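One structure below.
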Amino acid sequence: MTLSLTRRSLLIGGAASMTAKPVLAHEMPQKMRLSAATGTGGGASAAFDRDRFVEDCIRAHLETDPVAAVREVLARAVSRPGAVLAGLGEPKAAGLDVLLSSPSLTIFAASWTPQMNLLAHDHKMWALIGIYTGREDNILWREGDDGLEAYAANCLFESDVATLDASAIHSVTNPLQRFTGGIHIYGGDFFATERRQWDPETLQVEPSDGDVIRAMFARENERYAKVCGD
Ligand SMILES: [Fe+2]
C-alpha cells in the first residue's frame with residue numbers, strides 16, 4: 001500500500017519558508033523513506049511478544065541488508081498496532097522502554113506526551129521508527145553553509161515505518177492531545193554514542209547522549225504534570 005503523500009509527507013524550502021509542495025515518489029528524501037506496513041493484519045488478538053520481537057530483530061540484523069531486514073520485522077509488528085499496544089502497555093509518561101541495549105543494536109519503545117516536542121538531533125547510526133499508537137511528525141534537517149536548515153517533513157501515523165540513514169537529523173512533535181508510542185531501532189549503541197542536538201530557538205549545536213535524553217524526558221514529564229494539574 002502506498003501512503004498518501006499529500007497528507008503525510010512534504011518538502012519544505014528551508015527553516016524560514018513553509019511553502020510546501022507534495023513529494024513525488026522519485027523526489028522523496030533518501031534520508032527518510034516511508035512505507036505503509038504490509039503485514040497480513042490479524043488485529044489485536046495475536047499477542048505481541050517483546051522477547052520474540054527482539055530475537056527476530058537480532059536475527060534480521062545478521063542478514064546481508066540488515067536495515068531492510070530489521071525494517072521488515074518492525075513493519076510486520078506495527079501492522080498490528082493494537083497487538084503491540086497490548087504487549088507494551090498504554091503509554092502514560094514520556095520515556096523509553098528499553099527492549100535491547102547492545103553495542104550493535106538498540107531497541108526501545110518511546111512514548112511522547114500529548115503535544116511533546118523533541119528538538120533537532122542526530123543519531124550517528126541508522127534508525128527505524130514504527131508507530132503503534134498516536135502520531136509522530138518529523139521535520140528533517142540538514143547542515144548547510146548557514147547552519148541547520150529544515151528541508152522536509154513526514155507525518156507518521158499508526159503502522160507507518162520510517163527509515164533514517166546515519167547522517168539524518170530530525171526533530172519530532174506529537175501533534176495529538178493523547179500519547180504517541182513508537183518502536184525505535186538503532187544500528188548501534190544509542191545510549192553510549194556521543195551525538196548532537198540543536199537548540200530549537202538559536203539552532204546552536206550542543207552535545208547529546210543517553211543522559212541528556214533521559215534528563216529531557218524527566219523535564220517533559222514535569223511539564224506535562226503541571227499542564228494536567230497533577
Ligand atoms: Fe531521533
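The way I read the labels, and the way they are meant: chains A, B, ... in the order of the C-alpha cells, residue 1 as the first residue of every chain, and ligand 1 as the first ligand shown, with later ones counted on from there.
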So that I can check the surroundings of A:Gly182, please list as a PDB file with C-alpha atoms, in the first residue's frame every protein, DNA and RNA residue that reaches within 12 Å of it, counting only C-alpha atoms and ignoring chain neighbours fewer than 6 positions away.
```
ATOM      1  CA  LEU A  74       9.285  -3.789  12.556  1.00  0.00           C
ATOM      2  CA  ALA A  75       6.749  -3.191   9.787  1.00  0.00           C
ATOM      3  CA  ALA A  77       4.896  -5.828  14.121  1.00  0.00           C
ATOM      4  CA  VAL A  78       3.314  -2.380  13.816  1.00  0.00           C
ATOM      5  CA  PRO A  81      -0.723  -1.710  16.300  1.00  0.00           C
ATOM      6  CA  VAL A  84       1.865  -4.019  20.079  1.00  0.00           C
ATOM      7  CA  LEU A  85      -0.026  -1.618  22.334  1.00  0.00           C
ATOM      8  CA  LEU A  88       3.950  -2.984  25.568  1.00  0.00           C
ATOM      9  CA  GLY A  89       1.224  -1.250  27.535  1.00  0.00           C
ATOM     10  CA  GLU A  90      -0.548   2.068  27.104  1.00  0.00           C
ATOM     11  CA  PRO A  91       1.924   4.990  27.281  1.00  0.00           C
ATOM     12  CA  ALA A  94       7.326  10.385  28.353  1.00  0.00           C
ATOM     13  CA  GLY A  95      10.051   7.787  28.391  1.00  0.00           C
ATOM     14  CA  LEU A  96      11.916   4.942  26.827  1.00  0.00           C
ATOM     15  CA  ASP A  97      11.063   1.307  27.500  1.00  0.00           C
ATOM     16  CA  VAL A  98      14.317  -0.388  26.510  1.00  0.00           C
ATOM     17  CA  ILE A 107      15.580  -1.214  20.554  1.00  0.00           C
ATOM     18  CA  PHE A 108      13.160   0.762  22.686  1.00  0.00           C
ATOM     19  CA  ALA A 109       9.563   1.863  22.798  1.00  0.00           C
ATOM     20  CA  ALA A 110       9.430   5.656  23.001  1.00  0.00           C
ATOM     21  CA  SER A 111       6.410   7.417  24.464  1.00  0.00           C
ATOM     22  CA  TRP A 112       5.659  11.051  23.691  1.00  0.00           C
ATOM     23  CA  LEU A 128      13.920   2.923  12.203  1.00  0.00           C
ATOM     24  CA  ILE A 129      10.683   4.265  13.691  1.00  0.00           C
ATOM     25  CA  GLY A 130       7.440   2.294  13.721  1.00  0.00           C
ATOM     26  CA  ILE A 131       4.328   3.865  15.225  1.00  0.00           C
ATOM     27  CA  TYR A 132       1.848   1.690  17.149  1.00  0.00           C
ATOM     28  CA  THR A 133      -0.323   4.383  18.727  1.00  0.00           C
ATOM     29  CA  GLY A 134      -0.889   8.066  18.028  1.00  0.00           C
ATOM     30  CA  ARG A 135       1.109  10.075  15.524  1.00  0.00           C
ATOM     31  CA  GLU A 136       4.624  11.473  15.222  1.00  0.00           C
ATOM     32  CA  ASP A 137       5.511  14.400  12.964  1.00  0.00           C
ATOM     33  CA  LEU A 156       3.899   9.048  10.782  1.00  0.00           C
ATOM     34  CA  PHE A 157       0.562   7.509  11.669  1.00  0.00           C
ATOM     35  CA  GLU A 158      -0.138   4.154  13.278  1.00  0.00           C
ATOM     36  CA  SER A 159       1.517   1.289  11.354  1.00  0.00           C
ATOM     37  CA  ASP A 160       3.820   3.648   9.456  1.00  0.00           C
ATOM     38  CA  VAL A 161       7.547   2.910   9.430  1.00  0.00           C
ATOM     39  CA  ALA A 162      10.304   5.408   8.681  1.00  0.00           C
ATOM     40  CA  VAL A 172       9.860  15.298  16.477  1.00  0.00           C
ATOM     41  CA  ASN A 174       3.438  14.645  18.834  1.00  0.00           C
TER      42      ASN A 174
END
```
- Message: Residues within 7 Å of stretch 201-214 of chain A, please, as a PyMOL selection string. Count only C-alpha atoms; anything in the same chain fewer than 5 positions from it doesn't count.
- Response: chain A and resi 148+191-196
Output C-alpha atoms for every residue in that selection, as a short mmCIF file (atom, residue, chain, number, x, y, z; two decimals), in the first residue's frame.
```cif
data_model
loop_
_atom_site.label_atom_id
_atom_site.label_comp_id
_atom_site.auth_asym_id
_atom_site.auth_seq_id
_atom_site.Cartn_x
_atom_site.Cartn_y
_atom_site.Cartn_z
CA LEU A 148 20.93 23.94 10.12
CA PHE A 191 22.87 5.33 24.79
CA ALA A 192 26.67 5.29 24.73
CA THR A 193 27.14 7.21 21.47
CA GLU A 194 28.04 10.89 21.61
CA ARG A 195 25.56 12.71 19.43
CA ARG A 196 24.43 16.25 18.72
#
```
- Could I get the residue neighbourhood of ligand 1 at 8 Å, counting only C-alpha atoms and all ligand atoms, as number ranges by chain? A: 120-123, 127, 169-172
Resulting file, chosen residues, C-alpha atoms, as a short mmCIF file (atom, residue, chain, number, x, y, z; two decimals), in the first residue's frame:
```
data_model
loop_
_atom_site.label_atom_id
_atom_site.label_comp_id
_atom_site.auth_asym_id
_atom_site.auth_seq_id
_atom_site.Cartn_x
_atom_site.Cartn_y
_atom_site.Cartn_z
CA ALA A 120 16.53 18.53 16.31
CA HIS A 121 19.10 15.81 16.89
CA ASP A 122 21.20 13.29 15.06
CA HIS A 123 21.84 9.62 15.85
CA ALA A 127 17.39 4.36 12.69
CA ILE A 169 18.90 14.98 11.58
CA HIS A 170 15.29 15.26 12.71
CA SER A 171 13.04 16.94 15.25
CA VAL A 172 9.86 15.30 16.48
#
```
- Non-local contacts of A:Ala93 (9 Å; only C-alpha atoms; under 3 positions in same chain excluded) as a PyMOL selection string: chain A and resi 111-113+179+217+220-221+224
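Comparing the minimum interatomic distances between A:His184 and each of A:Ala47, A:Ala83, A:Leu99, A:Leu62, counting only C-alpha atoms, we find that A:Leu99 sits nearest.
Each of A:Met125, A:Ala150, A:Met116, A:Leu140 was checked against A:Val227 using only C-alpha atoms; the smallest atom-to-atom distance is that of A:Met116.
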- Please return as a VMD selection string: the residues of stretch 18-170 of chain A that backbone DSSP assigns to strand (DSSP E). chain A and resid 20 to 22 32 to 36 95 to 101 106 to 112 117 to 122 127 to 133 135 to 144 147 to 157 160 to 164 169 to 170
- Message: I need the residues of stretch 36-160 of chain A that end up classed as helix (DSSP H, G or I) by DSSP on the backbone, written out as JSON, numbers by chain.
- Response: {"A": [50, 51, 52, 53, 54, 55, 56, 57, 58, 59, 60, 61, 66, 67, 68, 69, 70, 71, 72, 73, 74, 75, 76, 77, 78, 81, 82, 83, 84, 85, 86, 87, 88]}
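The gap separating atom CA of A:Leu119 from atom CA of A:Asp146 is 18.6 Å, in Å to one decimal.
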- Query: Quick one: of A:Arg80, A:His61, A:Arg50, A:Lys92, who's nearest to A:Arg178, counting only C-alpha atoms?
  - Reply: A:Lys92
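Note that the spacing between atom CA of A:Ala46 and atom CA of A:Ala60 amounts to 21.2 Å.
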- Message: I'd like the contact shell of stretch 63-68 of chain A - 10 Å cut-off, only C-alpha atoms, skipping same-chain residues fewer than 4 positions apart - returned as number ranges by chain.
- Response: A: 57-59, 72-74, 126-128, 163-165, 185-187
